[in-house]
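Enquirer: Coordinates in model_37.cif, mmCIF, N, CA and C atoms, are listed below.
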```
data_structure
#
loop_
_atom_site.label_atom_id
_atom_site.label_comp_id
_atom_site.auth_asym_id
_atom_site.auth_seq_id
_atom_site.Cartn_x
_atom_site.Cartn_y
_atom_site.Cartn_z
N MET W 1 93.13 107.85 115.92
CA MET W 1 92.94 107.19 114.65
C MET W 1 92.74 108.24 113.57
N ALA W 2 93.36 108.01 112.44
CA ALA W 2 93.15 108.85 111.27
C ALA W 2 92.37 108.02 110.26
N GLN W 3 91.44 108.63 109.58
CA GLN W 3 90.67 107.94 108.56
C GLN W 3 90.91 108.65 107.23
N LEU W 4 91.39 107.88 106.24
CA LEU W 4 91.68 108.40 104.92
C LEU W 4 91.13 107.44 103.88
N THR W 5 91.06 107.88 102.62
CA THR W 5 90.76 106.90 101.58
C THR W 5 92.03 106.08 101.37
N ILE W 6 91.85 104.85 100.96
CA ILE W 6 93.00 103.97 100.72
C ILE W 6 93.89 104.60 99.65
N ARG W 7 93.29 105.17 98.63
CA ARG W 7 94.06 105.81 97.56
C ARG W 7 94.94 106.95 98.11
N ASP W 8 94.39 107.80 98.98
CA ASP W 8 95.17 108.91 99.54
C ASP W 8 96.33 108.41 100.39
N LEU W 9 96.08 107.37 101.20
CA LEU W 9 97.16 106.82 102.02
C LEU W 9 98.22 106.18 101.14
N TYR W 10 97.81 105.45 100.12
CA TYR W 10 98.76 104.82 99.21
C TYR W 10 99.64 105.88 98.53
N GLU W 11 99.01 106.95 98.04
CA GLU W 11 99.76 108.03 97.39
C GLU W 11 100.72 108.69 98.38
N LEU W 12 100.30 108.88 99.61
CA LEU W 12 101.17 109.46 100.64
C LEU W 12 102.41 108.57 100.84
N LEU W 13 102.18 107.27 101.06
CA LEU W 13 103.29 106.37 101.32
C LEU W 13 104.20 106.19 100.10
N SER W 14 103.64 106.33 98.91
CA SER W 14 104.46 106.18 97.71
C SER W 14 105.47 107.32 97.55
N ARG W 15 105.29 108.39 98.27
CA ARG W 15 106.22 109.53 98.23
C ARG W 15 107.43 109.34 99.15
N ALA W 16 107.41 108.28 99.94
CA ALA W 16 108.52 108.02 100.86
C ALA W 16 109.79 107.69 100.08
N PRO W 17 110.93 108.19 100.53
CA PRO W 17 112.20 107.86 99.87
C PRO W 17 112.51 106.37 100.00
N ARG W 18 113.29 105.86 99.07
CA ARG W 18 113.72 104.47 99.16
C ARG W 18 114.66 104.30 100.34
N ARG W 19 114.67 103.11 100.89
CA ARG W 19 115.47 102.83 102.09
C ARG W 19 116.94 103.15 101.88
N ARG W 20 117.48 102.81 100.71
CA ARG W 20 118.90 103.04 100.47
C ARG W 20 119.25 104.53 100.37
N ASP W 21 118.22 105.38 100.23
CA ASP W 21 118.44 106.83 100.16
C ASP W 21 118.42 107.49 101.53
N LEU W 22 118.20 106.71 102.58
CA LEU W 22 118.11 107.24 103.94
C LEU W 22 119.34 106.89 104.75
N GLU W 23 119.73 107.77 105.63
CA GLU W 23 120.84 107.48 106.53
C GLU W 23 120.42 106.49 107.61
N GLN W 24 119.16 106.56 108.04
CA GLN W 24 118.65 105.62 109.03
C GLN W 24 117.24 105.19 108.63
N ASP W 25 116.93 103.94 108.95
CA ASP W 25 115.62 103.39 108.61
C ASP W 25 114.55 104.14 109.38
N GLY W 26 113.50 104.53 108.71
CA GLY W 26 112.40 105.16 109.44
C GLY W 26 111.59 106.14 108.63
N ILE W 27 110.31 105.86 108.51
CA ILE W 27 109.34 106.77 107.92
C ILE W 27 108.52 107.31 109.08
N ARG W 28 108.44 108.61 109.17
CA ARG W 28 107.73 109.26 110.28
C ARG W 28 106.36 109.72 109.79
N LEU W 29 105.31 109.31 110.49
CA LEU W 29 103.95 109.73 110.19
C LEU W 29 103.41 110.47 111.40
N VAL W 30 102.89 111.67 111.16
CA VAL W 30 102.32 112.49 112.22
C VAL W 30 100.89 112.84 111.83
N TYR W 31 99.96 112.50 112.70
CA TYR W 31 98.55 112.84 112.50
C TYR W 31 98.21 113.97 113.46
N ASP W 32 97.73 115.08 112.91
CA ASP W 32 97.44 116.25 113.73
C ASP W 32 95.94 116.49 113.94
N GLY W 33 95.12 115.52 113.57
CA GLY W 33 93.67 115.68 113.69
C GLY W 33 93.01 116.11 112.40
N LYS W 34 93.81 116.59 111.44
CA LYS W 34 93.28 117.04 110.15
C LYS W 34 93.97 116.38 108.97
N ALA W 35 95.23 116.00 109.14
CA ALA W 35 96.01 115.43 108.04
C ALA W 35 97.08 114.51 108.61
N VAL W 36 97.56 113.60 107.77
CA VAL W 36 98.70 112.76 108.10
C VAL W 36 99.89 113.30 107.30
N HIS W 37 100.97 113.62 108.00
CA HIS W 37 102.17 114.19 107.39
C HIS W 37 103.26 113.13 107.35
N LEU W 38 103.97 113.06 106.23
CA LEU W 38 105.04 112.10 106.04
C LEU W 38 106.39 112.81 106.04
N SER W 39 107.32 112.32 106.83
CA SER W 39 108.71 112.78 106.81
C SER W 39 109.57 111.55 107.07
N THR W 40 110.85 111.75 107.29
CA THR W 40 111.74 110.61 107.57
C THR W 40 112.38 110.79 108.93
N ALA W 41 112.93 109.71 109.46
CA ALA W 41 113.64 109.78 110.74
C ALA W 41 114.87 110.68 110.60
N ASP W 42 115.47 110.70 109.40
CA ASP W 42 116.64 111.54 109.14
C ASP W 42 116.33 113.03 109.25
N HIS W 43 115.16 113.40 108.72
CA HIS W 43 114.75 114.81 108.66
C HIS W 43 113.30 114.94 109.11
N PRO W 44 113.05 114.81 110.41
CA PRO W 44 111.66 114.78 110.89
C PRO W 44 110.89 116.08 110.68
N ASP W 45 111.58 117.20 110.52
CA ASP W 45 110.88 118.47 110.35
C ASP W 45 110.61 118.82 108.90
N THR W 46 111.06 117.99 107.96
CA THR W 46 110.83 118.23 106.54
C THR W 46 109.67 117.35 106.06
N VAL W 47 108.52 117.97 105.85
CA VAL W 47 107.34 117.23 105.41
C VAL W 47 107.48 116.95 103.92
N ILE W 48 107.46 115.67 103.56
CA ILE W 48 107.58 115.24 102.17
C ILE W 48 106.22 115.26 101.49
N ALA W 49 105.20 114.82 102.21
CA ALA W 49 103.85 114.75 101.66
C ALA W 49 102.85 114.76 102.81
N ARG W 50 101.62 115.04 102.47
CA ARG W 50 100.56 114.99 103.47
C ARG W 50 99.26 114.56 102.80
N ALA W 51 98.40 113.95 103.58
CA ALA W 51 97.09 113.52 103.10
C ALA W 51 96.04 114.02 104.08
N ILE W 52 95.02 114.65 103.55
CA ILE W 52 93.92 115.16 104.37
C ILE W 52 93.05 113.99 104.80
N THR W 53 92.69 113.98 106.07
CA THR W 53 91.84 112.91 106.58
C THR W 53 90.37 113.26 106.35
N CYS W 54 89.54 112.24 106.43
CA CYS W 54 88.10 112.45 106.30
C CYS W 54 87.42 111.47 107.25
N GLY W 55 86.18 111.70 107.54
CA GLY W 55 85.46 110.78 108.41
C GLY W 55 85.77 111.03 109.87
N PHE W 56 85.87 109.94 110.62
CA PHE W 56 86.04 109.97 112.07
C PHE W 56 87.34 110.65 112.48
N VAL W 57 87.32 111.43 113.54
CA VAL W 57 88.48 112.17 114.02
C VAL W 57 88.78 111.79 115.47
N THR W 58 90.05 111.54 115.79
CA THR W 58 90.47 111.29 117.17
C THR W 58 91.68 112.15 117.48
N GLY W 59 92.28 111.91 118.64
CA GLY W 59 93.45 112.67 119.04
C GLY W 59 94.65 112.43 118.14
N SER W 60 95.58 113.35 118.19
CA SER W 60 96.77 113.27 117.35
C SER W 60 97.73 112.18 117.83
N TRP W 61 98.62 111.74 116.94
CA TRP W 61 99.63 110.75 117.27
C TRP W 61 100.81 110.90 116.33
N GLU W 62 101.90 110.24 116.70
CA GLU W 62 103.13 110.28 115.90
C GLU W 62 103.80 108.92 116.01
N VAL W 63 104.26 108.39 114.89
CA VAL W 63 105.03 107.15 114.88
C VAL W 63 106.17 107.25 113.87
N THR W 64 107.21 106.49 114.13
CA THR W 64 108.27 106.28 113.14
C THR W 64 108.27 104.78 112.89
N ALA W 65 107.95 104.40 111.63
CA ALA W 65 107.82 102.99 111.27
C ALA W 65 108.99 102.57 110.38
N TYR W 66 109.23 101.26 110.34
CA TYR W 66 110.34 100.73 109.56
C TYR W 66 110.13 100.93 108.06
N THR W 67 111.08 101.57 107.40
CA THR W 67 111.02 101.74 105.96
C THR W 67 111.07 100.38 105.27
N ALA W 68 111.79 99.45 105.85
CA ALA W 68 111.93 98.12 105.25
C ALA W 68 110.59 97.42 105.09
N SER W 69 109.60 97.76 105.89
CA SER W 69 108.29 97.12 105.81
C SER W 69 107.33 97.84 104.86
N LEU W 70 107.75 98.96 104.30
CA LEU W 70 106.88 99.77 103.45
C LEU W 70 106.38 99.00 102.23
N ALA W 71 107.23 98.21 101.58
CA ALA W 71 106.83 97.49 100.37
C ALA W 71 105.68 96.51 100.66
N SER W 72 105.75 95.80 101.78
CA SER W 72 104.69 94.84 102.08
C SER W 72 103.39 95.55 102.45
N VAL W 73 103.48 96.70 103.13
CA VAL W 73 102.29 97.48 103.47
C VAL W 73 101.61 97.96 102.19
N MET W 74 102.41 98.46 101.25
CA MET W 74 101.83 98.99 100.01
C MET W 74 101.29 97.86 99.13
N ALA W 75 101.93 96.70 99.13
CA ALA W 75 101.42 95.55 98.36
C ALA W 75 100.05 95.14 98.89
N TRP W 76 99.89 95.12 100.21
CA TRP W 76 98.61 94.79 100.83
C TRP W 76 97.55 95.81 100.42
N MET W 77 97.91 97.09 100.41
CA MET W 77 96.95 98.14 100.07
C MET W 77 96.52 98.08 98.61
N ARG W 78 97.39 97.61 97.71
CA ARG W 78 97.02 97.51 96.28
C ARG W 78 95.89 96.52 96.06
N MET W 79 95.68 95.60 96.96
CA MET W 79 94.61 94.60 96.83
C MET W 79 93.26 95.16 97.26
N LEU W 80 93.24 96.35 97.84
CA LEU W 80 92.01 96.93 98.39
C LEU W 80 91.42 97.96 97.43
N ASP W 81 90.15 98.24 97.58
CA ASP W 81 89.48 99.26 96.77
C ASP W 81 89.91 100.64 97.24
N GLY W 82 90.55 101.38 96.36
CA GLY W 82 91.12 102.68 96.70
C GLY W 82 90.15 103.73 97.16
N GLU W 83 88.87 103.57 96.87
CA GLU W 83 87.87 104.56 97.28
C GLU W 83 87.36 104.34 98.69
N ASN W 84 87.58 103.16 99.24
CA ASN W 84 87.13 102.87 100.61
C ASN W 84 87.97 103.63 101.63
N LEU W 85 87.39 103.83 102.80
CA LEU W 85 88.13 104.47 103.89
C LEU W 85 88.97 103.42 104.61
N ILE W 86 90.10 103.87 105.13
CA ILE W 86 90.97 103.02 105.92
C ILE W 86 91.27 103.74 107.23
N ASP W 87 91.24 102.99 108.31
CA ASP W 87 91.57 103.53 109.63
C ASP W 87 93.05 103.28 109.87
N LEU W 88 93.73 104.28 110.36
CA LEU W 88 95.17 104.20 110.62
C LEU W 88 95.40 104.67 112.05
N ALA W 89 95.97 103.79 112.89
CA ALA W 89 96.15 104.16 114.30
C ALA W 89 97.29 103.36 114.92
N PRO W 90 98.06 103.99 115.81
CA PRO W 90 99.05 103.22 116.56
C PRO W 90 98.34 102.30 117.54
N PHE W 91 98.91 101.14 117.75
CA PHE W 91 98.34 100.14 118.66
C PHE W 91 99.44 99.70 119.60
N TRP W 92 99.22 99.88 120.88
CA TRP W 92 100.27 99.58 121.85
C TRP W 92 99.77 98.70 122.98
N ALA W 93 99.02 97.67 122.66
CA ALA W 93 98.54 96.77 123.71
C ALA W 93 99.72 96.18 124.47
N SER W 94 100.80 95.96 123.78
CA SER W 94 102.05 95.53 124.40
C SER W 94 103.18 95.90 123.46
N ALA W 95 104.38 96.01 123.99
CA ALA W 95 105.51 96.32 123.12
C ALA W 95 105.82 95.08 122.29
N PRO W 96 106.23 95.16 121.06
CA PRO W 96 106.47 96.40 120.34
C PRO W 96 105.17 97.01 119.81
N VAL W 97 105.22 98.29 119.59
CA VAL W 97 104.10 99.03 119.05
C VAL W 97 103.98 98.73 117.56
N VAL W 98 102.76 98.73 117.04
CA VAL W 98 102.54 98.62 115.61
C VAL W 98 101.61 99.73 115.16
N LEU W 99 101.68 100.07 113.89
CA LEU W 99 100.73 100.97 113.28
C LEU W 99 99.73 100.07 112.58
N ALA W 100 98.47 100.11 113.01
CA ALA W 100 97.44 99.22 112.50
C ALA W 100 96.62 99.90 111.42
N PHE W 101 96.29 99.12 110.37
CA PHE W 101 95.43 99.56 109.28
C PHE W 101 94.19 98.68 109.31
N ALA W 102 93.02 99.25 109.16
CA ALA W 102 91.81 98.44 109.15
C ALA W 102 90.82 99.02 108.15
N THR W 103 90.24 98.13 107.33
CA THR W 103 89.22 98.54 106.38
C THR W 103 88.40 97.33 105.97
N GLY W 104 87.10 97.46 106.02
CA GLY W 104 86.21 96.42 105.54
C GLY W 104 86.53 95.01 106.00
N GLY W 105 86.90 94.84 107.24
CA GLY W 105 87.23 93.52 107.75
C GLY W 105 88.67 93.10 107.52
N GLN W 106 89.42 93.86 106.75
CA GLN W 106 90.84 93.59 106.51
C GLN W 106 91.66 94.36 107.53
N VAL W 107 92.71 93.73 108.05
CA VAL W 107 93.57 94.39 109.03
C VAL W 107 95.02 94.15 108.64
N GLY W 108 95.83 95.19 108.69
CA GLY W 108 97.26 95.08 108.44
C GLY W 108 98.01 95.74 109.57
N ALA W 109 99.28 95.42 109.70
CA ALA W 109 100.10 96.01 110.76
C ALA W 109 101.48 96.35 110.21
N TRP W 110 102.06 97.43 110.72
CA TRP W 110 103.36 97.91 110.31
C TRP W 110 104.19 98.08 111.58
N PRO W 111 105.30 97.34 111.73
CA PRO W 111 106.13 97.48 112.94
C PRO W 111 106.66 98.91 113.09
N VAL W 112 106.74 99.35 114.32
CA VAL W 112 107.11 100.73 114.62
C VAL W 112 108.45 100.78 115.36
N ILE W 113 109.28 101.76 115.01
CA ILE W 113 110.55 102.00 115.68
C ILE W 113 110.32 102.83 116.94
N ALA W 114 109.50 103.88 116.80
CA ALA W 114 109.24 104.79 117.91
C ALA W 114 107.81 105.30 117.84
N CYS W 115 107.22 105.51 119.00
CA CYS W 115 105.88 106.08 119.09
C CYS W 115 105.83 106.99 120.31
N PRO W 116 106.28 108.24 120.15
CA PRO W 116 106.32 109.15 121.30
C PRO W 116 104.97 109.39 121.95
N THR W 117 103.88 109.13 121.23
CA THR W 117 102.56 109.37 121.80
C THR W 117 101.99 108.16 122.54
N ALA W 118 102.70 107.04 122.52
CA ALA W 118 102.27 105.86 123.28
C ALA W 118 102.50 106.10 124.77
N PRO W 119 101.75 105.43 125.64
CA PRO W 119 102.04 105.53 127.08
C PRO W 119 103.49 105.14 127.34
N ALA W 120 104.14 105.77 128.27
CA ALA W 120 105.57 105.58 128.52
C ALA W 120 105.96 104.12 128.70
N ASP W 121 105.13 103.33 129.36
CA ASP W 121 105.49 101.93 129.59
C ASP W 121 105.24 101.03 128.38
N ARG W 122 104.72 101.59 127.30
CA ARG W 122 104.42 100.80 126.11
C ARG W 122 105.25 101.23 124.90
N ARG W 123 106.16 102.16 125.08
CA ARG W 123 106.97 102.63 123.96
C ARG W 123 108.05 101.62 123.62
N PRO W 124 108.37 101.50 122.32
CA PRO W 124 109.48 100.62 121.96
C PRO W 124 110.78 101.14 122.61
N PRO W 125 111.70 100.26 122.92
CA PRO W 125 112.96 100.70 123.51
C PRO W 125 113.72 101.62 122.54
N CYS W 126 114.39 102.62 123.07
CA CYS W 126 115.17 103.53 122.24
C CYS W 126 116.38 102.83 121.69
N PRO W 127 116.65 102.96 120.37
CA PRO W 127 117.87 102.35 119.84
C PRO W 127 119.10 103.02 120.41
N GLU W 128 120.12 102.24 120.66
CA GLU W 128 121.35 102.81 121.25
C GLU W 128 122.38 103.08 120.20
#
```
Hey, can you dump this file as structure tokens for me?

Expert:
Amino acid sequence: MAQLTIRDLYELLSRAPRRRDLEQDGIRLVYDGKAVHLSTADHPDTVIARAITCGFVTGSWEVTAYTASLASVMAWMRMLDGENLIDLAPFWASAPVVLAFATGGQVGAWPVIACPTAPADRRPPCPE
């Protein structure tokens, strides 16, 4: 789980390219224990933006989430107080995997294309 301020996460996600500017759908988020890095499925090694985490620290993770769902995730975040902390973590109780957001009793979910850090039997199927 990564813990960031809602404002920092919103600013990070706002740096994502528009869907029509990508060759393939997918925003890649990598948490390394200190920061969340944003790239795209097209260019996973090119970091577009990063946000420093604060608060609780857990193991690292990586997900590629649907760009098409980004607008609804950001609309949900605009309703929240930007100074509050938000927990961000992949959730793989069953396939498909989602990226879960939680803050102050509010919970949101973002469908995931790929989660290499999920247990092998819980990873979304690879697109063909």

Enquirer: Selection in question (the file shown): the PyMOL selection byres ((chain W and resi 25) around 6.5). Which residues does it include, as a ChimeraX atom specification?

Expert: /W:22-24,26-27,41,65-68

Enquirer: The selected residues should be written to file as a PDB file, keeping the file's coordinate frame (atoms: N, CA and C atoms).

Expert:
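Generated output (selection.pdb):
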```pdb
ATOM      1  N   LEU W  22     118.200 106.710 102.580  1.00  0.00           N
ATOM      2  CA  LEU W  22     118.110 107.240 103.940  1.00  0.00           C
ATOM      3  C   LEU W  22     119.340 106.890 104.750  1.00  0.00           C
ATOM      4  N   GLU W  23     119.730 107.770 105.630  1.00  0.00           N
ATOM      5  CA  GLU W  23     120.840 107.480 106.530  1.00  0.00           C
ATOM      6  C   GLU W  23     120.420 106.490 107.610  1.00  0.00           C
ATOM      7  N   GLN W  24     119.160 106.560 108.040  1.00  0.00           N
ATOM      8  CA  GLN W  24     118.650 105.620 109.030  1.00  0.00           C
ATOM      9  C   GLN W  24     117.240 105.190 108.630  1.00  0.00           C
ATOM     10  N   GLY W  26     113.500 104.530 108.710  1.00  0.00           N
ATOM     11  CA  GLY W  26     112.400 105.160 109.440  1.00  0.00           C
ATOM     12  C   GLY W  26     111.590 106.140 108.630  1.00  0.00           C
ATOM     13  N   ILE W  27     110.310 105.860 108.510  1.00  0.00           N
ATOM     14  CA  ILE W  27     109.340 106.770 107.920  1.00  0.00           C
ATOM     15  C   ILE W  27     108.520 107.310 109.080  1.00  0.00           C
ATOM     16  N   ALA W  41     112.930 109.710 109.460  1.00  0.00           N
ATOM     17  CA  ALA W  41     113.640 109.780 110.740  1.00  0.00           C
ATOM     18  C   ALA W  41     114.870 110.680 110.600  1.00  0.00           C
ATOM     19  N   ALA W  65     107.950 104.400 111.630  1.00  0.00           N
ATOM     20  CA  ALA W  65     107.820 102.990 111.270  1.00  0.00           C
ATOM     21  C   ALA W  65     108.990 102.570 110.380  1.00  0.00           C
ATOM     22  N   TYR W  66     109.230 101.260 110.340  1.00  0.00           N
ATOM     23  CA  TYR W  66     110.340 100.730 109.560  1.00  0.00           C
ATOM     24  C   TYR W  66     110.130 100.930 108.060  1.00  0.00           C
ATOM     25  N   THR W  67     111.080 101.570 107.400  1.00  0.00           N
ATOM     26  CA  THR W  67     111.020 101.740 105.960  1.00  0.00           C
ATOM     27  C   THR W  67     111.070 100.380 105.270  1.00  0.00           C
ATOM     28  N   ALA W  68     111.790  99.450 105.850  1.00  0.00           N
ATOM     29  CA  ALA W  68     111.930  98.120 105.250  1.00  0.00           C
ATOM     30  C   ALA W  68     110.590  97.420 105.090  1.00  0.00           C
TER      31      ALA W  68
END
```

Enquirer: Please run DSSP on the backbone and report, as JSON, numbers by chain, all residues within stretch 9-128 of chain W that come out as strand (DSSP E).

Expert: {"W": [27, 28, 29, 30, 31, 35, 36, 37, 38, 39, 40, 49, 50, 51, 52, 61, 62, 63, 64, 65, 85, 86, 87, 88, 89, 90, 91, 98, 99, 100, 101, 102, 103, 106, 107, 108, 109, 110, 111, 112, 113, 114]}

Enquirer: Find the distance between atom N of W:Ser14 and atom C of W:Val47 and write it in Å to one decimal.

Expert: 12.4 Å

Enquirer: With only C-alpha atoms as the atoms that count, which of W:Arg7, W:Arg19, W:Arg50, W:Arg28 lies nearest to W:Val112?

Expert: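 Closest candidate: W:Arg28.
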
Enquirer: The centre and edge lengths of an axis-aligned box containing all atoms of stretch 50-67 of chain W present in the file, extended by 5 Å on each side, are to be given in Å to one decimal, as AutoDock Vina command-line options.

Expert:
```
--center_x 98.3 --center_y 107.8 --center_z 110.8 --size_x 35.6 --size_y 24.8 --size_z 26.6
```

Enquirer: Starting from the shown file, work through the PyMOL selection byres (((chain W and resi 36 and name CA) around 6) and name CA) and note down what comes out as a list of chain:residue names.

Expert: W:Val30, W:Tyr31, W:Ala35, W:His37, W:Arg50, W:Ala51

Enquirer: Between atom N of W:Thr53 and atom CA of W:Gln3, what distance in Å does the model show, to one decimal?

Expert: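 Separating atom N of W:Thr53 from atom CA of W:Gln3 is a distance of 6.8 Å.
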
Enquirer: Applying 8 Å and only N, CA and C atoms, which residues near W:Ile6 remain after dropping the ones on its own chain fewer than 5 positions away? List them as a list in words.

Expert: Glu11, Leu12, Met77, Leu80, Asp81, Gly82, Glu83, Asn84, Leu85, Ile86 and Asp87 of chain W

Enquirer: Smallest atom-to-atom distance to W:Ala16: which of W:Leu99, W:Val63, W:Leu70, W:His43, using only C-alpha atoms?

Expert: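 When distances to W:Ala16 are compared using only C-alpha atoms, the smallest one comes from W:Leu70.
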
Enquirer: How many Å lie between atom CA of W:Gly105 and atom CA of W:Trp76, rounded to one decimal?

Expert: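 Between these atoms lies a distance of 13.4 Å.
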
Enquirer: Let me make sure I understand: among W:Ser69, W:Gln106, W:Met1, W:Ala49, which one has the smallest atom-to-atom distance to W:Phe91 if we use only C-alpha atoms?

Expert: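 Closest residue, counting only C-alpha atoms: W:Met1.
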
Enquirer: Running the PyMOL selection byres (((chain W and resi 100 and name CA) around 7) and name CA) on this model by hand, what would come out? Give it as number ranges by chain.

Expert: W: 88-91, 98-99, 101-102, 108-110

Enquirer: From the options W:Ile52, W:Val57, W:Leu38, W:Cys115, which residue's atoms come nearest to W:Leu13, counting only C-alpha atoms?

Expert: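 Nearest candidate to W:Leu13 out of W:Ile52, W:Val57, W:Leu38, W:Cys115: W:Leu38.
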
Enquirer: Of the candidates W:Thr40, W:Leu4, W:Thr117, W:Tyr10, which shows the shortest atom-to-atom distance to W:Ala71, using only C-alpha atoms?

Expert: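 Closest residue, counting only C-alpha atoms: W:Tyr10.
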
Enquirer: Would you return as an MDAnalysis selection string the members of chain W that DSSP assigns to helix (DSSP H, G or I) on this structure's backbone?

Expert: chainID W and resid 6:14 19:21 67:78 120:122
